[in-house]
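Printed here is protein38.txt (compact mmCIF, C-alpha atoms and all ligand atoms):
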# COMPACT_ATOMS: atom_id res chain seq x y z
CA MET A 11 -9.20 -37.09 -3.56
CA ILE A 12 -9.77 -34.43 -0.92
CA ILE A 13 -11.70 -31.35 -1.98
CA ASP A 14 -12.01 -28.28 0.21
CA CYS A 15 -15.32 -26.58 -0.59
CA HIS A 16 -14.50 -23.33 1.18
CA GLY A 17 -11.44 -21.21 0.39
CA HIS A 18 -11.07 -17.49 -0.29
CA PHE A 19 -8.37 -15.46 -2.01
CA THR A 20 -7.37 -13.68 1.20
CA THR A 21 -3.79 -13.16 0.03
CA VAL A 22 -4.49 -11.00 -3.03
CA PRO A 23 -1.73 -8.86 -4.53
CA PRO A 24 -1.68 -5.49 -2.71
CA ALA A 25 -2.50 -3.55 -5.90
CA HIS A 26 -5.95 -5.16 -5.99
CA LYS A 27 -6.79 -4.01 -2.47
CA GLN A 28 -5.30 -0.57 -3.07
CA TRP A 29 -7.54 -0.13 -6.12
CA ARG A 30 -10.58 -1.01 -4.02
CA GLU A 31 -9.76 1.67 -1.48
CA ALA A 32 -9.17 4.18 -4.30
CA GLN A 33 -12.47 3.17 -5.87
CA LEU A 34 -14.34 3.91 -2.62
CA VAL A 35 -12.51 7.23 -2.09
CA ALA A 36 -13.44 8.25 -5.65
CA TRP A 37 -17.07 7.29 -5.06
CA GLU A 38 -17.22 9.36 -1.86
CA ALA A 39 -15.84 12.32 -3.82
CA GLY A 40 -18.27 11.81 -6.70
CA LEU A 41 -15.43 10.97 -9.08
CA GLU A 42 -14.69 8.14 -11.50
CA PRO A 43 -12.48 5.40 -10.04
CA PRO A 44 -8.86 5.22 -11.23
CA PRO A 45 -8.00 2.60 -13.86
CA TYR A 46 -7.62 -0.90 -12.47
CA PRO A 47 -3.89 -1.69 -12.16
CA HIS A 48 -1.99 -4.27 -14.17
CA ILE A 49 -1.40 -7.31 -11.98
CA ALA A 50 1.27 -9.65 -13.30
CA ASP A 51 0.82 -13.43 -13.29
CA ALA A 52 3.92 -13.62 -11.09
CA ASP A 53 2.18 -11.60 -8.38
CA ILE A 54 -0.73 -14.04 -8.35
CA THR A 55 1.40 -17.18 -8.49
CA GLY A 56 3.58 -15.84 -5.67
CA ALA A 57 0.58 -15.15 -3.46
CA ILE A 58 -0.94 -18.57 -4.06
CA THR A 59 2.22 -20.66 -4.07
CA GLN A 60 3.42 -19.29 -0.75
CA GLY A 61 -0.04 -19.22 0.75
CA GLN A 62 -2.99 -21.49 -0.02
CA LEU A 63 -1.14 -23.96 -2.23
CA ALA A 64 1.64 -24.53 0.28
CA MET A 65 -0.92 -25.34 2.97
CA MET A 66 -3.01 -27.51 0.65
CA ASP A 67 0.06 -29.60 -0.16
CA GLU A 68 1.09 -29.78 3.49
CA ARG A 69 -2.39 -30.95 4.50
CA GLY A 70 -3.03 -33.25 1.54
CA ILE A 71 -5.84 -31.21 0.01
CA ASP A 72 -6.03 -31.80 -3.74
CA VAL A 73 -8.51 -29.12 -4.81
CA THR A 74 -9.96 -25.98 -3.26
CA ILE A 75 -13.23 -24.39 -4.34
CA PHE A 76 -12.06 -20.82 -4.34
CA SER A 77 -13.85 -17.48 -4.13
CA PRO A 78 -13.03 -13.83 -3.48
CA GLN A 79 -12.33 -12.81 0.11
CA ALA A 80 -15.77 -12.77 1.73
CA SER A 81 -15.14 -10.05 4.31
CA ALA A 82 -13.94 -7.78 1.48
CA MET A 83 -17.06 -8.17 -0.68
CA GLY A 84 -18.35 -5.06 1.10
CA HIS A 85 -21.83 -4.96 -0.38
CA HIS A 86 -22.70 -2.17 2.07
CA ARG A 87 -19.98 0.12 0.71
CA GLY A 88 -20.53 2.39 -2.28
CA ASP A 89 -23.51 1.87 -4.56
CA ALA A 90 -24.67 -0.73 -7.07
CA VAL A 91 -22.26 0.49 -9.76
CA VAL A 92 -19.34 0.34 -7.33
CA SER A 93 -20.34 -3.16 -6.23
CA ARG A 94 -20.66 -4.34 -9.80
CA GLU A 95 -17.22 -3.15 -10.87
CA TRP A 96 -15.48 -4.40 -7.70
CA THR A 97 -17.21 -7.76 -8.05
CA ARG A 98 -16.08 -8.22 -11.63
CA ARG A 99 -12.48 -7.42 -10.68
CA CYS A 100 -12.59 -9.91 -7.79
CA ASN A 101 -14.11 -12.66 -9.93
CA ASP A 102 -11.66 -12.07 -12.76
CA LEU A 103 -8.81 -12.48 -10.28
CA ILE A 104 -10.22 -15.85 -9.18
CA ALA A 105 -10.42 -16.89 -12.83
CA ARG A 106 -6.74 -16.09 -13.22
CA VAL A 107 -5.87 -18.28 -10.22
CA ILE A 108 -7.78 -21.17 -11.77
CA GLY A 109 -5.98 -20.66 -15.07
CA LEU A 110 -2.56 -20.48 -13.45
CA PHE A 111 -3.06 -23.61 -11.31
CA PRO A 112 -5.09 -26.00 -13.46
CA GLY A 113 -6.73 -28.78 -11.52
CA ARG A 114 -6.04 -27.27 -8.09
CA PHE A 115 -8.76 -24.63 -7.81
CA ALA A 116 -12.35 -24.25 -8.99
CA GLY A 117 -14.09 -20.89 -8.98
CA VAL A 118 -17.02 -19.61 -6.96
CA CYS A 119 -18.12 -16.07 -7.68
CA GLN A 120 -18.91 -13.05 -5.59
CA LEU A 121 -22.22 -11.43 -6.56
CA PRO A 122 -22.63 -7.67 -7.15
CA GLN A 123 -25.19 -7.19 -4.42
CA SER A 124 -25.80 -3.81 -2.81
CA VAL A 125 -28.04 -2.39 -0.10
CA ALA A 126 -30.31 -0.51 -2.48
CA ASP A 127 -30.60 -3.43 -4.88
CA PRO A 128 -29.86 -6.75 -3.15
CA ILE A 129 -29.88 -8.86 -6.31
CA GLY A 130 -29.50 -6.23 -9.02
CA GLY A 131 -26.98 -7.42 -11.59
CA CYS A 132 -26.46 -10.73 -9.79
CA VAL A 133 -28.01 -12.93 -12.45
CA GLU A 134 -25.93 -11.32 -15.17
CA GLU A 135 -22.66 -11.71 -13.24
CA LEU A 136 -23.54 -15.27 -12.22
CA ARG A 137 -24.11 -16.18 -15.87
CA ARG A 138 -20.83 -14.53 -16.91
CA CYS A 139 -18.87 -16.38 -14.24
CA VAL A 140 -20.41 -19.79 -14.91
CA SER A 141 -20.69 -19.63 -18.70
CA GLU A 142 -17.56 -17.63 -19.57
CA LEU A 143 -15.16 -18.22 -16.66
CA GLY A 144 -16.13 -21.81 -15.84
CA PHE A 145 -17.13 -21.15 -12.23
CA ILE A 146 -19.11 -23.77 -10.34
CA GLY A 147 -21.02 -21.82 -7.68
CA ALA A 148 -21.69 -18.46 -6.05
CA ASN A 149 -21.48 -16.83 -2.64
CA LEU A 150 -24.81 -15.28 -1.72
CA ASN A 151 -24.85 -12.59 0.97
CA PRO A 152 -28.08 -12.80 3.01
CA ASP A 153 -27.44 -9.33 4.47
CA PRO A 154 -25.90 -6.90 1.97
CA SER A 155 -26.24 -4.10 4.56
CA GLY A 156 -23.37 -5.42 6.65
CA GLY A 157 -25.46 -5.93 9.77
CA ASP A 158 -28.75 -4.02 9.48
CA TRP A 159 -30.62 -6.98 7.98
CA ASN A 160 -32.80 -4.67 5.91
CA ALA A 161 -32.94 -6.85 2.79
CA PRO A 162 -35.85 -9.29 2.54
CA PRO A 163 -35.24 -12.76 4.02
CA LEU A 164 -33.70 -15.32 1.69
CA THR A 165 -37.09 -16.93 1.31
CA ASP A 166 -38.68 -13.77 -0.13
CA ARG A 167 -39.80 -13.93 -3.73
CA SER A 168 -37.55 -11.00 -4.64
CA TRP A 169 -34.63 -13.47 -4.59
CA TYR A 170 -36.38 -15.88 -6.93
CA PRO A 171 -34.84 -14.63 -10.21
CA LEU A 172 -31.42 -15.49 -8.77
CA TYR A 173 -32.62 -18.90 -7.63
CA ASP A 174 -34.07 -19.55 -11.09
CA ALA A 175 -30.61 -18.87 -12.55
CA LEU A 176 -28.81 -21.03 -9.96
CA VAL A 177 -31.12 -23.93 -10.78
CA GLU A 178 -30.88 -23.42 -14.53
CA LEU A 179 -27.05 -23.30 -14.37
CA ASP A 180 -27.01 -26.20 -11.87
CA VAL A 181 -24.73 -24.39 -9.41
CA PRO A 182 -25.15 -24.02 -5.63
CA ALA A 183 -24.86 -20.91 -3.50
CA MET A 184 -22.91 -20.71 -0.27
CA ILE A 185 -24.73 -18.38 2.13
CA HIS A 186 -21.97 -16.04 3.25
CA VAL A 187 -22.09 -12.55 4.72
CA SER A 188 -19.31 -10.02 4.27
CA GLY A 189 -17.73 -7.61 6.75
CA SER A 190 -19.70 -6.30 9.73
CA SER A 191 -20.37 -2.56 9.81
CA ASN A 192 -21.38 -2.72 13.48
CA PRO A 193 -18.59 -2.51 16.10
CA HIS A 194 -20.66 -4.65 18.46
CA VAL A 195 -20.50 -7.52 15.98
CA HIS A 196 -17.10 -8.96 15.14
CA THR A 197 -17.00 -10.04 11.51
CA THR A 198 -15.69 -13.59 11.72
CA GLY A 199 -16.34 -14.29 15.40
CA ALA A 200 -19.95 -13.13 15.63
CA TYR A 201 -21.42 -11.96 12.31
CA TYR A 202 -20.48 -15.01 10.25
CA ILE A 203 -21.77 -17.48 12.81
CA ALA A 204 -24.93 -15.47 13.53
CA ALA A 205 -25.68 -15.10 9.81
CA ASP A 206 -25.32 -18.83 9.23
CA THR A 207 -27.81 -19.46 12.01
CA ILE A 208 -30.19 -16.74 10.82
CA ALA A 209 -30.19 -18.10 7.27
CA PHE A 210 -30.83 -21.63 8.54
CA MET A 211 -33.83 -20.49 10.59
CA GLN A 212 -35.24 -18.59 7.60
CA LEU A 213 -35.21 -21.88 5.71
CA VAL A 214 -36.84 -23.73 8.62
CA GLN A 215 -39.65 -21.17 8.61
CA SER A 216 -40.25 -21.44 4.87
CA ARG A 217 -41.02 -23.97 2.19
CA LEU A 218 -38.54 -22.48 -0.25
CA PHE A 219 -37.42 -25.84 -1.55
CA ALA A 220 -40.98 -26.78 -2.48
CA ASP A 221 -40.68 -23.93 -4.99
CA PHE A 222 -37.06 -24.85 -5.89
CA PRO A 223 -36.54 -28.59 -5.39
CA LYS A 224 -33.19 -28.45 -7.19
CA LEU A 225 -31.78 -25.36 -5.44
CA ARG A 226 -28.79 -26.14 -3.23
CA PHE A 227 -27.40 -23.99 -0.42
CA VAL A 228 -24.21 -24.53 1.55
CA ILE A 229 -24.26 -23.01 5.03
CA PRO A 230 -20.64 -22.51 6.02
CA HIS A 231 -18.80 -22.54 9.35
CA GLY A 232 -20.41 -25.83 10.27
CA GLY A 233 -23.90 -24.35 9.95
CA GLY A 234 -23.35 -21.69 12.62
CA ALA A 235 -25.17 -22.64 15.79
CA ALA A 236 -27.72 -24.87 14.02
CA PRO A 237 -26.20 -28.31 14.66
CA TYR A 238 -25.48 -27.48 18.31
CA HIS A 239 -29.11 -26.41 18.79
CA TRP A 240 -30.67 -29.03 16.55
CA GLY A 241 -33.34 -29.91 19.11
CA ARG A 242 -34.45 -26.28 19.23
CA TYR A 243 -34.90 -26.18 15.47
CA ARG A 244 -36.70 -29.52 15.35
CA GLY A 245 -39.05 -28.29 18.05
CA LEU A 246 -39.60 -24.93 16.38
CA ALA A 247 -40.38 -26.62 13.06
CA ALA A 248 -43.11 -28.62 14.81
CA MET A 249 -44.44 -25.56 16.65
CA LEU A 250 -44.56 -23.57 13.41
CA ASP A 251 -46.42 -26.37 11.59
CA GLN A 252 -43.47 -26.81 9.30
CA PRO A 253 -42.36 -30.20 7.97
CA PRO A 254 -39.49 -31.93 9.83
CA LEU A 255 -36.01 -30.57 9.10
CA ASP A 256 -34.91 -33.60 7.13
CA ALA A 257 -37.89 -33.24 4.78
CA ASN A 258 -37.90 -29.45 4.46
CA VAL A 259 -34.28 -28.30 4.79
CA LEU A 260 -31.76 -31.13 4.66
CA THR A 261 -33.07 -32.08 1.23
CA ASN A 262 -31.28 -29.03 -0.16
CA VAL A 263 -28.90 -27.68 2.50
CA PHE A 264 -25.34 -28.74 3.26
CA PHE A 265 -22.94 -27.76 6.03
CA ASP A 266 -19.19 -27.47 5.70
CA THR A 267 -16.61 -28.55 8.29
CA CYS A 268 -15.18 -25.11 9.09
CA VAL A 269 -15.35 -25.82 12.82
CA TYR A 270 -12.01 -25.44 14.51
CA HIS A 271 -11.90 -28.03 17.27
CA GLN A 272 -12.49 -31.76 17.59
CA PRO A 273 -15.59 -31.72 19.86
CA GLY A 274 -17.32 -29.34 17.43
CA ILE A 275 -16.64 -31.57 14.43
CA ASP A 276 -17.70 -34.63 16.43
CA LEU A 277 -21.01 -32.95 17.23
CA LEU A 278 -21.52 -31.89 13.60
CA CYS A 279 -20.93 -35.44 12.39
CA GLU A 280 -23.19 -36.93 15.04
CA VAL A 281 -26.13 -34.57 14.46
CA ILE A 282 -26.02 -33.95 10.71
CA PRO A 283 -26.28 -36.87 8.24
CA SER A 284 -22.95 -37.44 6.54
CA GLN A 285 -24.50 -36.91 3.10
CA ASN A 286 -25.15 -33.29 4.13
CA ILE A 287 -21.58 -32.53 5.22
CA LEU A 288 -18.92 -31.13 2.88
CA PHE A 289 -15.26 -30.92 3.80
CA GLY A 290 -14.12 -27.31 4.16
CA SER A 291 -11.46 -25.41 6.06
CA GLU A 292 -11.76 -21.74 4.98
CA MET A 293 -7.98 -21.69 4.80
CA ILE A 294 -6.35 -19.11 4.74
CA GLY A 295 -9.10 -17.29 6.54
CA ALA A 296 -10.61 -16.26 9.81
CA VAL A 297 -8.47 -18.13 12.31
CA ARG A 298 -4.86 -18.42 11.25
CA GLY A 299 -3.00 -19.41 14.37
CA VAL A 300 -1.75 -22.69 15.78
CA ASP A 301 -3.75 -24.32 18.56
CA SER A 302 -1.41 -24.54 21.55
CA ARG A 303 -3.25 -27.64 22.77
CA SER A 304 -2.87 -29.66 19.58
CA GLY A 305 0.17 -28.06 18.02
CA HIS A 306 -1.68 -27.80 14.69
CA HIS A 307 -3.42 -24.95 12.92
CA PHE A 308 -6.97 -24.37 14.12
CA ASP A 309 -8.17 -24.48 10.50
CA ASP A 310 -6.46 -27.79 9.68
CA THR A 311 -9.90 -29.39 9.69
CA ARG A 312 -8.88 -32.54 7.83
CA ARG A 313 -7.36 -33.82 11.08
CA TYR A 314 -10.64 -33.45 12.94
CA VAL A 315 -12.71 -35.15 10.24
CA GLU A 316 -10.21 -38.01 10.06
CA ALA A 317 -10.48 -38.43 13.84
CA THR A 318 -14.29 -38.66 13.94
CA SER A 319 -16.10 -41.94 14.34
CA LEU A 320 -17.45 -41.72 10.77
CA ASP A 321 -16.71 -44.91 8.84
CA ASP A 322 -14.49 -44.84 5.78
CA ARG A 323 -17.43 -44.66 3.40
CA ALA A 324 -18.89 -41.62 5.18
CA LYS A 325 -15.50 -39.92 5.25
CA ARG A 326 -15.11 -40.42 1.50
CA ALA A 327 -18.52 -38.83 1.05
CA VAL A 328 -17.55 -35.82 3.17
CA PHE A 329 -14.11 -35.36 1.60
CA GLU A 330 -15.13 -35.82 -2.03
CA GLN A 331 -18.35 -37.46 -3.18
CA ASN A 332 -20.85 -35.07 -1.59
CA ILE A 333 -18.98 -32.15 -3.08
CA TYR A 334 -19.38 -33.51 -6.60
CA ARG A 335 -23.12 -33.90 -5.93
CA VAL A 336 -23.51 -30.33 -4.71
CA TYR A 337 -21.15 -28.84 -7.33
CA PRO A 338 -21.85 -30.98 -10.43
CA ARG A 339 -19.79 -28.69 -12.66
CA LEU A 340 -16.66 -29.48 -10.66
CA GLY A 341 -15.75 -32.60 -12.62
CA ALA A 342 -15.71 -30.79 -15.95
CA VAL A 343 -13.53 -28.00 -14.54
CA LEU A 344 -10.97 -30.40 -13.10
CA HIS A 345 -10.66 -32.27 -16.36
CA ARG A 346 -10.06 -29.15 -18.44
CA SER A 347 -6.40 -28.26 -18.63
CA ASP A 348 -6.77 -24.51 -18.49
CA PRO A 349 -10.36 -23.31 -18.26
CA TYR A 350 -9.67 -19.61 -17.91
CA ARG A 351 -7.33 -19.24 -20.87
CA ARG A 352 -9.43 -21.50 -23.04
CA THR A 353 -12.50 -19.43 -22.27
CA THR A 354 -10.81 -16.13 -22.99
CA ARG A 355 -9.40 -17.43 -26.29
CA ALA A 356 -12.81 -18.70 -27.29
CA ALA A 357 -14.29 -15.32 -26.44
CA GLY A 358 -11.79 -13.70 -28.79
ZN ZN A 401 -15.75 -18.01 4.04
How does the structure come out when it is put into structure tokens?
Amino acid sequence: MIIDCHGHFTTVPPAHKQWREAQLVAWEAGLEPPPYPHIADADITGAITQGQLAMMDERGIDVTIFSPQASAMGHHRGDAVVSREWTRRCNDLIARVIGLFPGRFAGVCQLPQSVADPIGGCVEELRRCVSELGFIGANLNPDPSGGDWNAPPLTDRSWYPLYDALVELDVPAMIHVSGSSNPHVHTTGAYYIAADTIAFMQLVQSRLFADFPKLRFVIPHGGGAAPYHWGRYRGLAAMLDQPPLDANVLTNVFFDTCVYHQPGIDLLCEVIPSQNILFGSEMIGAVRGVDSRSGHHFDDTRRYVEATSLDDRAKRAVFEQNIYRVYPRLGAVLHRSDPYRRTTRAAG
């Protein structure tokens, strides 16, 4: 089985996006947001069938771990109440996708972070998504400001209540920023990759996993610049009197394969132990075109992983087995026929 650990609902029905814009306009005007629109199942199935599912089938991907569009989380827009309501709508939409395509998607939630209150309401929404909607992980934004980096580092104790809940629920967090509010910093070309690297270095500088030995983070986009500069981080860990990376970070941190060319994937697989690599493509996402050199989509990352020098056992680990280890709730979700509908019926 091939499991993609990194997909977003980037093809949402237009009514969902239109409501978001209306919500923000209402907030600016000091008004209540309009009612959330009715979105028919057919609108969701159409978006998925013609989008993500078509590409999964074309590329031989069995399951995608699926979350709301990351660049649209917008934790820097509106206030905590706005973030909470938008987050619930986004997560509920993911739950509907899972219910409509049993066995093909597993849910990862957005968290209702905001600048004024980086983890306010996050534990409550995480519990709702895992316990009621059957989700198996969360996306954690290390910079809810959209580029000002004014929240405490991920290793600050203010994040600990969320980490307690992640450990208790046995779900990982993917460290994932949202849209950039700074025109100097392109969202997917600069901010995403920089944030991955920043988060990694925060972990190198800390001993967070001594406090949370069971906490698991996924750093997406191949770990940002970290694998490419692995010698720098090994050297800095020594200079900072920190334990070696494999004892202090790789115990709990995993990188996906959202790297869109063969030499990049080769480097990732050479530098990072295969047990720390999870297959991911972030399809349909940041880079949607076809590579004129290869004739294939840039984000068709299965091809690159297949072409590495990893042996068959390591490839199986990357494509499937590691993902079950990092997302232990995945198995139960895939073996339920219709987790969303069952949950809602049970909730009355
Ligand atoms: Zn992403």
Which protein, DNA or RNA residues have an atom within 12 Å of ligand ZN 401 (chain A), counting all atoms listed in the file, as a PDB file with C-alpha atoms, keeping the file's coordinate frame?
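What landed in out_4.pdb:
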ATOM      1  CA  ASP A  14     -12.010 -28.280   0.210  1.00  0.00           C
ATOM      2  CA  CYS A  15     -15.320 -26.580  -0.590  1.00  0.00           C
ATOM      3  CA  HIS A  16     -14.500 -23.330   1.180  1.00  0.00           C
ATOM      4  CA  GLY A  17     -11.440 -21.210   0.390  1.00  0.00           C
ATOM      5  CA  HIS A  18     -11.070 -17.490  -0.290  1.00  0.00           C
ATOM      6  CA  PHE A  19      -8.370 -15.460  -2.010  1.00  0.00           C
ATOM      7  CA  THR A  20      -7.370 -13.680   1.200  1.00  0.00           C
ATOM      8  CA  ILE A  75     -13.230 -24.390  -4.340  1.00  0.00           C
ATOM      9  CA  PHE A  76     -12.060 -20.820  -4.340  1.00  0.00           C
ATOM     10  CA  SER A  77     -13.850 -17.480  -4.130  1.00  0.00           C
ATOM     11  CA  PRO A  78     -13.030 -13.830  -3.480  1.00  0.00           C
ATOM     12  CA  GLN A  79     -12.330 -12.810   0.110  1.00  0.00           C
ATOM     13  CA  ALA A  80     -15.770 -12.770   1.730  1.00  0.00           C
ATOM     14  CA  SER A  81     -15.140 -10.050   4.310  1.00  0.00           C
ATOM     15  CA  ALA A  82     -13.940  -7.780   1.480  1.00  0.00           C
ATOM     16  CA  MET A  83     -17.060  -8.170  -0.680  1.00  0.00           C
ATOM     17  CA  VAL A 118     -17.020 -19.610  -6.960  1.00  0.00           C
ATOM     18  CA  GLN A 120     -18.910 -13.050  -5.590  1.00  0.00           C
ATOM     19  CA  ALA A 148     -21.690 -18.460  -6.050  1.00  0.00           C
ATOM     20  CA  ASN A 149     -21.480 -16.830  -2.640  1.00  0.00           C
ATOM     21  CA  LEU A 150     -24.810 -15.280  -1.720  1.00  0.00           C
ATOM     22  CA  ASN A 151     -24.850 -12.590   0.970  1.00  0.00           C
ATOM     23  CA  MET A 184     -22.910 -20.710  -0.270  1.00  0.00           C
ATOM     24  CA  ILE A 185     -24.730 -18.380   2.130  1.00  0.00           C
ATOM     25  CA  HIS A 186     -21.970 -16.040   3.250  1.00  0.00           C
ATOM     26  CA  VAL A 187     -22.090 -12.550   4.720  1.00  0.00           C
ATOM     27  CA  SER A 188     -19.310 -10.020   4.270  1.00  0.00           C
ATOM     28  CA  GLY A 189     -17.730  -7.610   6.750  1.00  0.00           C
ATOM     29  CA  THR A 197     -17.000 -10.040  11.510  1.00  0.00           C
ATOM     30  CA  THR A 198     -15.690 -13.590  11.720  1.00  0.00           C
ATOM     31  CA  GLY A 199     -16.340 -14.290  15.400  1.00  0.00           C
ATOM     32  CA  TYR A 201     -21.420 -11.960  12.310  1.00  0.00           C
ATOM     33  CA  TYR A 202     -20.480 -15.010  10.250  1.00  0.00           C
ATOM     34  CA  ILE A 203     -21.770 -17.480  12.810  1.00  0.00           C
ATOM     35  CA  ALA A 205     -25.680 -15.100   9.810  1.00  0.00           C
ATOM     36  CA  ASP A 206     -25.320 -18.830   9.230  1.00  0.00           C
ATOM     37  CA  VAL A 228     -24.210 -24.530   1.550  1.00  0.00           C
ATOM     38  CA  ILE A 229     -24.260 -23.010   5.030  1.00  0.00           C
ATOM     39  CA  PRO A 230     -20.640 -22.510   6.020  1.00  0.00           C
ATOM     40  CA  HIS A 231     -18.800 -22.540   9.350  1.00  0.00           C
ATOM     41  CA  GLY A 232     -20.410 -25.830  10.270  1.00  0.00           C
ATOM     42  CA  GLY A 233     -23.900 -24.350   9.950  1.00  0.00           C
ATOM     43  CA  ASP A 266     -19.190 -27.470   5.700  1.00  0.00           C
ATOM     44  CA  THR A 267     -16.610 -28.550   8.290  1.00  0.00           C
ATOM     45  CA  CYS A 268     -15.180 -25.110   9.090  1.00  0.00           C
ATOM     46  CA  VAL A 269     -15.350 -25.820  12.820  1.00  0.00           C
ATOM     47  CA  GLY A 290     -14.120 -27.310   4.160  1.00  0.00           C
ATOM     48  CA  SER A 291     -11.460 -25.410   6.060  1.00  0.00           C
ATOM     49  CA  GLU A 292     -11.760 -21.740   4.980  1.00  0.00           C
ATOM     50  CA  MET A 293      -7.980 -21.690   4.800  1.00  0.00           C
ATOM     51  CA  ILE A 294      -6.350 -19.110   4.740  1.00  0.00           C
ATOM     52  CA  GLY A 295      -9.100 -17.290   6.540  1.00  0.00           C
ATOM     53  CA  ALA A 296     -10.610 -16.260   9.810  1.00  0.00           C
ATOM     54  CA  VAL A 297      -8.470 -18.130  12.310  1.00  0.00           C
ATOM     55  CA  ASP A 309      -8.170 -24.480  10.500  1.00  0.00           C
TER      56      ASP A 309
END
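Coordinates place atom CA of Tyr170 of chain A at a distance of 9.3 Å from atom CA of Asp221 of chain A.
Across the model, the gap from atom CA of Arg226 of chain A to atom CA of Met249 of chain A is 25.3 Å.
When the distance limit is 6 Å and only C-alpha atoms are what count, the residues near Gly156 of chain A, minus those fewer than 4 positions from it on the same chain, are His86, Ser190 and Ser191 of chain A.
Distances here use only C-alpha atoms; by that measure, the residue among A:Val263, A:Leu344, A:Ile71, A:Ala204 closest to Phe111 of chain A is A:Leu344.
Using only C-alpha atoms, the shortest contact distance between Tyr270 of chain A and any of A:Asp310, A:Asp251, A:Asp67, A:Glu31 is found at A:Asp310.
The gap separating atom CA of Ile104 of chain A from atom CA of Gly144 of chain A is 10.7 Å, in Å to one decimal.
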Quick one: residues within 9 Å of Pro44 of chain A, only C-alpha atoms, excluding same-chain residues fewer than 5 positions away - as a VMD selection string? chain A and resid 29 32 to 33 36
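Compared by their closest atoms to Phe289 of chain A, and using only C-alpha atoms, the residues A:Pro171, A:Val328, A:His306, A:Leu255 rank with A:Val328 nearest.
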N, CA and C atoms modelled onto segment 219-232 of chain A, as a PDB file, in the coordinates of the input:
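Below is the file part-v3.pdb, written as the result:
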ATOM      1  N   PHE A 219     -37.867 -24.764  -0.661  1.00  0.00           N
ATOM      2  CA  PHE A 219     -37.420 -25.840  -1.550  1.00  0.00           C
ATOM      3  C   PHE A 219     -38.597 -26.602  -2.172  1.00  0.00           C
ATOM      4  N   ALA A 220     -39.814 -26.275  -1.732  1.00  0.00           N
ATOM      5  CA  ALA A 220     -40.980 -26.780  -2.480  1.00  0.00           C
ATOM      6  C   ALA A 220     -41.065 -26.014  -3.804  1.00  0.00           C
ATOM      7  N   ASP A 221     -40.701 -24.734  -3.763  1.00  0.00           N
ATOM      8  CA  ASP A 221     -40.680 -23.930  -4.990  1.00  0.00           C
ATOM      9  C   ASP A 221     -39.444 -24.242  -5.839  1.00  0.00           C
ATOM     10  N   PHE A 222     -38.329 -24.604  -5.177  1.00  0.00           N
ATOM     11  CA  PHE A 222     -37.060 -24.850  -5.890  1.00  0.00           C
ATOM     12  C   PHE A 222     -36.467 -26.184  -5.439  1.00  0.00           C
ATOM     13  N   PRO A 223     -37.040 -27.289  -5.884  1.00  0.00           N
ATOM     14  CA  PRO A 223     -36.540 -28.590  -5.390  1.00  0.00           C
ATOM     15  C   PRO A 223     -35.092 -28.862  -5.763  1.00  0.00           C
ATOM     16  N   LYS A 224     -34.578 -28.176  -6.772  1.00  0.00           N
ATOM     17  CA  LYS A 224     -33.190 -28.450  -7.190  1.00  0.00           C
ATOM     18  C   LYS A 224     -32.197 -27.390  -6.705  1.00  0.00           C
ATOM     19  N   LEU A 225     -32.676 -26.389  -5.982  1.00  0.00           N
ATOM     20  CA  LEU A 225     -31.780 -25.360  -5.440  1.00  0.00           C
ATOM     21  C   LEU A 225     -30.950 -25.943  -4.304  1.00  0.00           C
ATOM     22  N   ARG A 226     -29.662 -25.615  -4.286  1.00  0.00           N
ATOM     23  CA  ARG A 226     -28.790 -26.140  -3.230  1.00  0.00           C
ATOM     24  C   ARG A 226     -28.055 -24.988  -2.538  1.00  0.00           C
ATOM     25  N   PHE A 227     -28.125 -24.978  -1.223  1.00  0.00           N
ATOM     26  CA  PHE A 227     -27.400 -23.990  -0.420  1.00  0.00           C
ATOM     27  C   PHE A 227     -26.359 -24.715   0.441  1.00  0.00           C
ATOM     28  N   VAL A 228     -25.204 -24.089   0.568  1.00  0.00           N
ATOM     29  CA  VAL A 228     -24.210 -24.530   1.550  1.00  0.00           C
ATOM     30  C   VAL A 228     -24.201 -23.492   2.655  1.00  0.00           C
ATOM     31  N   ILE A 229     -24.399 -23.920   3.879  1.00  0.00           N
ATOM     32  CA  ILE A 229     -24.260 -23.010   5.030  1.00  0.00           C
ATOM     33  C   ILE A 229     -22.906 -23.295   5.645  1.00  0.00           C
ATOM     34  N   PRO A 230     -22.034 -22.277   5.626  1.00  0.00           N
ATOM     35  CA  PRO A 230     -20.640 -22.510   6.020  1.00  0.00           C
ATOM     36  C   PRO A 230     -20.463 -22.513   7.542  1.00  0.00           C
ATOM     37  N   HIS A 231     -19.188 -22.600   7.936  1.00  0.00           N
ATOM     38  CA  HIS A 231     -18.800 -22.540   9.350  1.00  0.00           C
ATOM     39  C   HIS A 231     -19.604 -23.550  10.158  1.00  0.00           C
ATOM     40  N   GLY A 232     -19.731 -24.745   9.574  1.00  0.00           N
ATOM     41  CA  GLY A 232     -20.410 -25.830  10.270  1.00  0.00           C
ATOM     42  C   GLY A 232     -21.900 -25.600  10.485  1.00  0.00           C
TER      43      GLY A 232
END
